[in-house]
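Remarks on the structure that follows.
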Amino acid sequence: MPIEPPPTGEEIPAIEIVHLVKEFRILHTGSIKGALSRIWKRPEAVQFTALKDISFTVPHGQTLAIIGRNGSGKSTMLGILARIYRPTSGTVKLNGLGGRPARIAPLLELGAGFQNDLTGFQNVEFYGAVLGMNARQVKDRMAAIVEFAELGEKMDTPLHGWNDGAKLRLGFSIAVHIDPDILLVDEVLAVGDESFQNKCYRMIDDLQHRGKTIVFVSHDLPVVERVANRVLWLNDGVIIQDGDPATVLAAYRASAE
Amino acid sequence: MLEEMQEVWRFRYLLRQFVARELKIRYKNSLFGVLWSVVPLIISVLVYTFLFNNIVGKKIDNYSAYALCGIIPWTFFTTACLDSCQSLLNNYSIMKKVYLPREIIPLSYVVSNGIHLMIGWAFYFTTFYVIWPLVLHIHIPLLPAIVWFPVVLVMECLLVLGLSFWFAALNLYYQDVKYVLQTLFGLLLFLLPILYPAYIHLEGLHRRGMDWAYSLYLCNPIAAMLTGYRESLLQPVGPELWNNTLHKLPWDQLFAPTWTYVVASALTFLILWSGYTFFNSRKWQFVERY
């Protein structure tokens, strides 16, 4: 496959985050009765700040890993980048290559977005649409998606007979064929057999070479070492360290002991 | 609001996929496919016609047409409201992971149920304007008022959409909204002019000097919608036939006054506007629950 040279870093970065704060007000869910009783007993507003004044910039072509303990804010960070959460304050700018609007593809954890009652093909249409493809793109890329996922005949059967590995392969295949400017990955690369994992890494290499930006969250430090070229360590919603993988991972490992 | 609507338009392929998914799942592995949106209608009309003719003991010509004319829009109304009420919870995993204009979710359930509504009306017209005249030699006249039929149809869809935005957003915070609705709909089946025309309430209320209550009843958008369908499709039947304690009302009183339709339409637009505004004001907090 011909490889385009990685773009030079002078242009607009892929991700610009300035003074980002994300607070969650813990909403009361429950019943109408509960709501009525709260009129008399007003509870204190429960609020917590998941991200406290975060600023960083990611140039195009970089692969950023976000690490940290549970509850450190890394999933919230990914949610902000996926535009699922609106920032409480601060700005988030996502830019495509050459100043186009960014195409962002989240690689979802197993199950999210898949419809067990639909066949593999129907799921590609549905999931592709969920991830922002239009009818033509789905049609044009169907063959490539099916080929990459190596599912063959299975594609005609409904998903409830599939194993997790097959679903993951299909999900990954759809996500990378969106041709995203920014790929968001949440803890999923560890699933699948070794040959498919190797294929995923090759695909990631390829995306990296084509100047795509990847942000992923992981607890799996060897994967981080293998894939990332920058690591952001979060703790309690604050950036502890931000730098090259070797340095940050060494500090992170030291702190965990 | 305009911006949000443009965003929905940009995601129209996703909307289509949501609707297609609903239809595929509903009809999966089913030999009869589309027939299944008609069979429940036939069964309920048979049941109500039997009850009406044999238990209530009334003989009204073509009662099944009167009943079906209420049951088709009412079935759409209730299923679309209940489906969209539950829609955000059913698609929570998608909402939590991917950006999409979230109003597409309840909207898709209104559209997929709207397709069943169209199938229901197609069934109505073929039954009473093709099968009955040909097979049973019973002719139901086409009224000039049928020109209002598409207007009523559009108003019903707007009303359902507006309510769906309200119910979908509220049900995320109070999960018993759905049960309240189910109970309410069971009650409304008898309170609203679904199985009978609105004007049978007129005389009783008039006798108690409560003409205003009858007008209020007709201003209710659901009652107006049901009455609108019936007036555009069927000749009124004298109230004494529905209930012999009622006397013959003058012909013009069998029709709802125009101004009540105007008020009901205004209320429909108000519900739609407020529902969409409320939904939009909350939609970014939908996934921020712990």
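If you're wondering about the labels, chains in the structure tokens are A, B, ... by order shown, residues count from 1 in each chain, ligands from 1 in order shown.
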Would you please extract all helix (DSSP H, G or I) residues from segment 106-267 of chain B, as assigned by DSSP on the backbone, and give them as JSON, numbers by chain?
-> {"B": [106, 107, 108, 109, 110, 111, 112, 113, 114, 115, 116, 117, 118, 119, 120, 121, 122, 123, 124, 125, 126, 127, 128, 129, 130, 131, 132, 133, 134, 135, 136, 144, 145, 146, 147, 148, 149, 150, 151, 152, 153, 154, 155, 156, 157, 158, 159, 160, 161, 162, 163, 164, 165, 166, 167, 168, 169, 170, 171, 172, 173, 177, 178, 179, 180, 181, 182, 183, 184, 185, 186, 187, 188, 189, 190, 191, 198, 199, 200, 201, 202, 203, 204, 205, 206, 207, 211, 212, 213, 214, 215, 216, 217, 218, 219, 221, 222, 223, 224, 225, 226, 227, 228, 229, 230, 231, 232, 233, 239, 240, 241, 242, 251, 252, 253, 254, 258, 259, 260, 261, 262, 263, 264, 265, 266, 267]}
With C-alpha atoms retained, export the selected residues as a compact mmCIF listing (two decimals), in the first residue's frame.
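Writing done, so here's result-v4.txt:
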# COMPACT_ATOMS: atom_id res chain seq x y z
CA PRO B 106 -37.82 9.58 19.49
CA LEU B 107 -38.42 10.94 15.99
CA SER B 108 -37.53 7.58 14.45
CA TYR B 109 -40.15 5.81 16.56
CA VAL B 110 -42.80 8.32 15.49
CA VAL B 111 -41.86 7.78 11.84
CA SER B 112 -41.84 3.98 12.02
CA ASN B 113 -45.22 3.99 13.76
CA GLY B 114 -46.39 6.55 11.21
CA ILE B 115 -45.71 3.96 8.53
CA HIS B 116 -48.02 1.58 10.34
CA LEU B 117 -50.59 4.37 10.49
CA MET B 118 -50.43 4.69 6.71
CA ILE B 119 -50.84 0.94 6.31
CA GLY B 120 -53.82 1.12 8.67
CA TRP B 121 -55.51 3.84 6.60
CA ALA B 122 -54.76 1.99 3.37
CA PHE B 123 -56.51 -0.98 4.93
CA TYR B 124 -59.47 1.24 5.90
CA PHE B 125 -59.92 2.64 2.41
CA THR B 126 -59.59 -0.69 0.63
CA THR B 127 -62.02 -2.33 3.04
CA PHE B 128 -64.78 0.24 2.94
CA TYR B 129 -64.39 1.62 -0.56
CA VAL B 130 -63.35 -1.49 -2.49
CA ILE B 131 -64.18 -4.71 -0.67
CA TRP B 132 -67.51 -3.71 0.86
CA PRO B 133 -69.10 -2.27 -2.29
CA LEU B 134 -67.87 -5.19 -4.39
CA VAL B 135 -68.51 -8.06 -2.02
CA LEU B 136 -71.20 -6.93 0.39
CA PRO B 144 -66.52 16.39 0.29
CA ALA B 145 -65.04 16.86 3.77
CA ILE B 146 -62.44 14.25 2.86
CA VAL B 147 -60.24 17.11 1.68
CA TRP B 148 -59.59 17.74 5.39
CA PHE B 149 -58.35 14.20 5.91
CA PRO B 150 -54.67 14.92 5.05
CA VAL B 151 -54.77 18.00 7.26
CA VAL B 152 -55.99 15.98 10.23
CA LEU B 153 -53.35 13.35 9.47
CA VAL B 154 -50.54 15.92 9.56
CA MET B 155 -51.90 17.49 12.74
CA GLU B 156 -52.01 14.12 14.46
CA CYS B 157 -48.39 13.41 13.54
CA LEU B 158 -47.29 16.81 14.84
CA LEU B 159 -49.20 16.27 18.07
CA VAL B 160 -47.66 12.84 18.58
CA LEU B 161 -44.19 14.19 17.82
CA GLY B 162 -44.57 17.02 20.32
CA LEU B 163 -45.80 14.67 23.04
CA SER B 164 -43.04 12.19 22.20
CA PHE B 165 -40.38 14.81 22.89
CA TRP B 166 -41.98 15.50 26.26
CA PHE B 167 -42.43 11.86 27.25
CA ALA B 168 -39.01 10.69 26.01
CA ALA B 169 -37.15 13.36 27.96
CA LEU B 170 -39.27 13.01 31.11
CA ASN B 171 -39.07 9.23 31.15
CA LEU B 172 -35.32 9.45 31.49
CA TYR B 173 -35.70 11.26 34.79
CA VAL B 177 -43.85 8.09 33.25
CA LYS B 178 -44.36 5.08 31.04
CA TYR B 179 -46.63 3.31 33.52
CA VAL B 180 -48.62 6.46 34.15
CA LEU B 181 -49.13 6.78 30.41
CA GLN B 182 -50.22 3.18 30.01
CA THR B 183 -52.86 3.60 32.71
CA LEU B 184 -53.94 6.94 31.35
CA PHE B 185 -54.34 5.58 27.84
CA GLY B 186 -56.51 2.74 29.14
CA LEU B 187 -58.79 5.33 30.73
CA LEU B 188 -58.78 7.65 27.75
CA LEU B 189 -60.00 4.85 25.50
CA PHE B 190 -63.40 5.37 27.12
CA LEU B 191 -63.25 9.09 27.82
CA ALA B 198 -68.05 13.29 20.59
CA TYR B 199 -71.56 14.70 20.25
CA ILE B 200 -73.15 12.05 22.46
CA HIS B 201 -71.73 14.04 25.39
CA LEU B 202 -73.46 17.19 24.16
CA GLU B 203 -76.97 16.77 25.46
CA GLY B 204 -76.03 15.59 28.92
CA LEU B 205 -73.70 18.53 29.41
CA HIS B 206 -76.20 20.95 27.88
CA ARG B 207 -78.90 19.81 30.31
CA ASP B 211 -72.03 23.87 27.21
CA TRP B 212 -68.57 25.28 27.90
CA ALA B 213 -67.42 21.86 29.09
CA TYR B 214 -68.42 20.36 25.75
CA SER B 215 -66.47 23.05 23.90
CA LEU B 216 -63.50 22.42 26.14
CA TYR B 217 -63.75 18.72 25.38
CA LEU B 218 -63.62 19.44 21.64
CA CYS B 219 -60.63 21.79 22.05
CA PRO B 221 -56.24 18.12 20.51
CA ILE B 222 -56.76 14.36 20.76
CA ALA B 223 -60.56 14.63 20.75
CA ALA B 224 -60.35 17.17 17.91
CA MET B 225 -58.11 14.86 15.92
CA LEU B 226 -60.47 11.89 16.35
CA THR B 227 -63.51 14.01 15.57
CA GLY B 228 -61.73 15.49 12.56
CA TYR B 229 -61.02 12.06 11.08
CA ARG B 230 -64.61 10.95 11.64
CA GLU B 231 -66.17 14.09 10.16
CA SER B 232 -63.96 13.89 7.11
CA LEU B 233 -64.83 10.26 6.40
CA PRO B 239 -77.36 10.42 18.87
CA GLU B 240 -80.62 8.63 19.65
CA LEU B 241 -79.16 5.61 17.91
CA TRP B 242 -76.15 5.59 20.20
CA TRP B 251 -78.08 18.25 12.25
CA ASP B 252 -75.64 21.14 12.56
CA GLN B 253 -74.90 20.34 16.20
CA LEU B 254 -73.52 16.96 15.20
CA THR B 258 -64.70 25.34 13.47
CA TRP B 259 -63.25 27.43 16.27
CA THR B 260 -62.60 24.37 18.43
CA TYR B 261 -60.50 22.94 15.60
CA VAL B 262 -58.56 26.19 15.44
CA VAL B 263 -57.89 26.12 19.18
CA ALA B 264 -56.91 22.44 19.05
CA SER B 265 -54.48 23.13 16.20
CA ALA B 266 -52.95 26.02 18.10
CA LEU B 267 -52.54 23.75 21.13
Interface list for chain B, partner chain A, 7 Å threshold, only C-alpha atoms, as a tab-separated table (two decimals) with C-alpha atoms, in the first residue's frame:
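result23.tsv written:
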chain	number	residue	atom	x	y	z
B	13	TYR	CA	-29.49	8.83	6.65
B	14	LEU	CA	-29.10	7.86	10.29
B	17	GLN	CA	-31.45	3.57	9.41
B	25	ILE	CA	-36.97	-6.02	13.90
B	93	SER	CA	-25.73	2.58	24.92
B	94	ILE	CA	-25.56	4.35	21.56
B	96	LYS	CA	-23.51	7.21	25.63
B	97	LYS	CA	-20.87	6.41	23.04
B	98	VAL	CA	-21.58	8.29	19.84
B	99	TYR	CA	-22.49	11.80	18.90
B	173	TYR	CA	-35.70	11.26	34.79
B	174	TYR	CA	-38.84	9.61	36.08
B	175	GLN	CA	-39.06	6.08	34.86
B	176	ASP	CA	-42.65	5.65	35.91
B	284	TRP	CA	-26.95	17.10	26.57
B	288	GLU	CA	-24.81	12.46	32.59
B	289	ARG	CA	-26.47	10.16	35.07
B	290	TYR	CA	-24.82	8.17	37.75
From the set B:Leu234, B:Leu100, B:Val34, B:Val39, which residue has the shortest atom-to-atom contact distance to Asp61 of chain B, counting only C-alpha atoms?
->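 Answer, going by the shortest atom-to-atom distance: B:Leu234.
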Point out the residue among B:Pro73, B:Arg102, B:Tyr63, B:Tyr92 with the least atom-to-atom distance to Tyr276 of chain B, counting only C-alpha atoms.
-> B:Arg102
Shell of 9 Å around Gln62 of chain A, only C-alpha atoms, local chain residues under 4 positions omitted, as a PDB file with C-alpha atoms, in the first residue's frame:
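Result file follows (around-v2.pdb):
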ATOM      1  CA  ALA A  14      -6.146  17.966  15.252  1.00  0.00           C
ATOM      2  CA  VAL A  58      -2.554  17.121  19.687  1.00  0.00           C
ATOM      3  CA  GLN A 208      -0.583   6.597  11.812  1.00  0.00           C
ATOM      4  CA  GLY A 211      -1.383  11.181   9.324  1.00  0.00           C
ATOM      5  CA  LYS A 212      -4.498  10.180  11.251  1.00  0.00           C
ATOM      6  CA  THR A 213      -4.766  11.061  14.897  1.00  0.00           C
ATOM      7  CA  ILE A 214      -5.566   8.369  17.434  1.00  0.00           C
ATOM      8  CA  VAL A 215      -6.568   8.888  21.028  1.00  0.00           C
ATOM      9  CA  ALA A 228       1.436   5.426  21.501  1.00  0.00           C
ATOM     10  CA  ASN A 229       3.923   8.122  20.722  1.00  0.00           C
ATOM     11  CA  ARG A 230       2.719  10.330  23.539  1.00  0.00           C
TER      12      ARG A 230
END
DSSP strand (DSSP E or B) residues within segment 132-254 of chain A, as a ChimeraX atom specification | /A:158,182-186,213-217,230-235,238-243
Okay, now the selection with N, CA and C atoms, as a CSV table (one decimal), in the first residue's frame?
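Final file, out_27.csv:
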chain,number,residue,atom,x,y,z
A,158,PRO,N,-28.0,-13.3,11.8
A,158,PRO,CA,-28.2,-12.3,12.8
A,158,PRO,C,-27.1,-12.4,13.9
A,182,ILE,N,-9.8,11.5,13.3
A,182,ILE,CA,-9.5,11.2,14.7
A,182,ILE,C,-10.2,9.9,15.1
A,183,LEU,N,-9.4,8.9,15.5
A,183,LEU,CA,-10.0,7.7,15.9
A,183,LEU,C,-9.9,7.6,17.5
A,184,LEU,N,-11.1,7.4,18.1
A,184,LEU,CA,-11.1,7.3,19.5
A,184,LEU,C,-11.3,5.8,19.9
A,185,VAL,N,-10.4,5.3,20.8
A,185,VAL,CA,-10.4,3.9,21.1
A,185,VAL,C,-10.5,3.8,22.6
A,186,ASP,N,-11.5,3.0,23.1
A,186,ASP,CA,-11.7,2.9,24.5
A,186,ASP,C,-11.5,1.4,24.9
A,213,THR,N,-5.0,10.9,13.5
A,213,THR,CA,-4.8,11.1,14.9
A,213,THR,C,-5.5,10.0,15.7
A,214,ILE,N,-4.9,9.4,16.7
A,214,ILE,CA,-5.6,8.4,17.4
A,214,ILE,C,-5.5,8.8,18.9
A,215,VAL,N,-6.6,8.7,19.6
A,215,VAL,CA,-6.6,8.9,21.0
A,215,VAL,C,-7.1,7.6,21.6
A,216,PHE,N,-6.4,7.0,22.5
A,216,PHE,CA,-7.0,5.8,23.2
A,216,PHE,C,-6.7,5.8,24.7
A,217,VAL,N,-7.7,5.1,25.3
A,217,VAL,CA,-7.6,5.0,26.8
A,217,VAL,C,-7.3,3.6,27.1
A,230,ARG,N,2.8,9.3,22.5
A,230,ARG,CA,2.7,10.3,23.5
A,230,ARG,C,1.7,9.8,24.6
A,231,VAL,N,2.0,10.1,25.8
A,231,VAL,CA,1.1,9.6,26.9
A,231,VAL,C,0.7,10.7,27.8
A,232,LEU,N,-0.5,10.7,28.1
A,232,LEU,CA,-1.1,11.8,29.0
A,232,LEU,C,-1.6,11.0,30.3
A,233,TRP,N,-1.0,11.4,31.4
A,233,TRP,CA,-1.4,10.7,32.6
A,233,TRP,C,-2.3,11.6,33.4
A,234,LEU,N,-3.5,11.1,33.7
A,234,LEU,CA,-4.5,11.9,34.4
A,234,LEU,C,-4.7,11.3,35.8
A,235,ASN,N,-4.9,12.2,36.8
A,235,ASN,CA,-5.3,11.7,38.1
A,235,ASN,C,-6.2,12.8,38.7
A,238,VAL,N,-6.8,15.9,36.7
A,238,VAL,CA,-5.7,16.9,36.5
A,238,VAL,C,-4.6,16.1,35.7
A,239,ILE,N,-3.9,16.8,34.8
A,239,ILE,CA,-2.8,16.2,34.1
A,239,ILE,C,-1.6,16.1,35.0
A,240,ILE,N,-1.1,14.9,35.3
A,240,ILE,CA,0.1,14.7,36.2
A,240,ILE,C,1.3,14.8,35.3
A,241,GLN,N,1.3,14.1,34.2
A,241,GLN,CA,2.4,14.2,33.3
A,241,GLN,C,2.0,14.1,31.9
A,242,ASP,N,2.7,14.7,31.0
A,242,ASP,CA,2.4,14.6,29.5
A,242,ASP,C,3.7,14.6,28.8
A,243,GLY,N,3.9,13.5,28.1
A,243,GLY,CA,5.2,13.4,27.4
A,243,GLY,C,5.4,12.1,26.6
Could you jot down the atom CA of Asn62 of chain B to atom CA of Trp36 of chain B separation for me, Å, one decimal place?
->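 Atom CA of Trp36 of chain B lies 23.9 Å from atom CA of Asn62 of chain B.
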Counting only C-alpha atoms, what is within 8 Å of Ser218 of chain A, bar same-chain residues fewer than 3 positions away, as a PyMOL selection string?
-> chain A and resi 65-67+186-187+221+223-224
Could you write out the selected residues, including all heavy atoms, as a tab-separated table (two decimals), in the first residue's frame?
chain	number	residue	atom	x	y	z
A	65	ALA	N	-2.03	8.27	24.11
A	65	ALA	CA	-2.67	7.35	25.05
A	65	ALA	C	-2.98	8.12	26.32
A	65	ALA	O	-2.16	8.91	26.78
A	65	ALA	CB	-1.75	6.18	25.36
A	66	ILE	N	-4.18	7.92	26.86
A	66	ILE	CA	-4.52	8.53	28.14
A	66	ILE	C	-4.53	7.42	29.18
A	66	ILE	O	-5.24	6.43	29.02
A	66	ILE	CB	-5.88	9.24	28.07
A	66	ILE	CG1	-5.88	10.28	26.94
A	66	ILE	CG2	-6.22	9.90	29.39
A	66	ILE	CD1	-7.19	10.97	26.73
A	67	ILE	N	-3.72	7.58	30.22
A	67	ILE	CA	-3.69	6.56	31.26
A	67	ILE	C	-4.06	7.19	32.59
A	67	ILE	O	-4.11	8.42	32.73
A	67	ILE	CB	-2.31	5.87	31.36
A	67	ILE	CG1	-1.22	6.92	31.67
A	67	ILE	CG2	-1.97	5.12	30.09
A	67	ILE	CD1	0.10	6.29	32.06
A	186	ASP	N	-11.48	3.01	23.10
A	186	ASP	CA	-11.67	2.86	24.54
A	186	ASP	C	-11.47	1.40	24.94
A	186	ASP	O	-12.39	0.61	24.87
A	186	ASP	CB	-13.07	3.34	24.92
A	186	ASP	CG	-13.22	3.48	26.43
A	186	ASP	OD1	-12.27	3.16	27.15
A	186	ASP	OD2	-14.30	3.91	26.86
A	187	GLU	N	-10.26	1.03	25.33
A	187	GLU	CA	-10.02	-0.26	25.98
A	187	GLU	C	-10.48	-1.47	25.20
A	187	GLU	O	-10.99	-2.40	25.78
A	187	GLU	CB	-10.81	-0.32	27.31
A	187	GLU	CG	-10.36	0.60	28.39
A	187	GLU	CD	-9.14	0.10	29.15
A	187	GLU	OE1	-8.53	-0.88	28.71
A	187	GLU	OE2	-8.80	0.72	30.15
A	221	LEU	N	-0.61	-1.38	29.80
A	221	LEU	CA	0.58	-0.58	29.55
A	221	LEU	C	1.45	-1.10	28.39
A	221	LEU	O	1.99	-0.30	27.64
A	221	LEU	CB	1.39	-0.41	30.84
A	221	LEU	CG	0.62	0.27	31.97
A	221	LEU	CD1	1.53	0.53	33.16
A	221	LEU	CD2	-0.04	1.57	31.54
A	223	VAL	N	0.42	-2.38	25.64
A	223	VAL	CA	-0.22	-1.87	24.42
A	223	VAL	C	0.12	-0.40	24.23
A	223	VAL	O	0.45	0.05	23.12
A	223	VAL	CB	-1.76	-2.06	24.48
A	223	VAL	CG1	-2.43	-1.37	23.30
A	223	VAL	CG2	-2.11	-3.53	24.49
A	224	VAL	N	0.07	0.36	25.34
A	224	VAL	CA	0.41	1.77	25.27
A	224	VAL	C	1.83	1.95	24.74
A	224	VAL	O	2.08	2.75	23.84
A	224	VAL	CB	0.27	2.43	26.67
A	224	VAL	CG1	0.80	3.85	26.66
A	224	VAL	CG2	-1.18	2.41	27.13
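One finds atom CA of Lys22 of chain A at 8.8 Å from atom CA of Gly90 of chain A.
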Surrounding residues of Lys167 of chain A excluding itself and chain neighbours under 3 positions, 9 Å, only C-alpha atoms, as a ChimeraX atom specification = /A:110-111,114,120,159,162-164,170-172
Kindly give the distance, in Å, that separates atom CA of Gly237 of chain A and atom CA of Lys52 of chain A, rounded to a single decimal.
->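 Calculated distance between atom CA of Gly237 of chain A and atom CA of Lys52 of chain A is 5.2 Å.
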Contacts of Asp193 of chain A at 12 Å (only C-alpha atoms; same-chain gap of 4+ positions) as a ChimeraX atom specification = /A:164-166,168-169,189,197-200
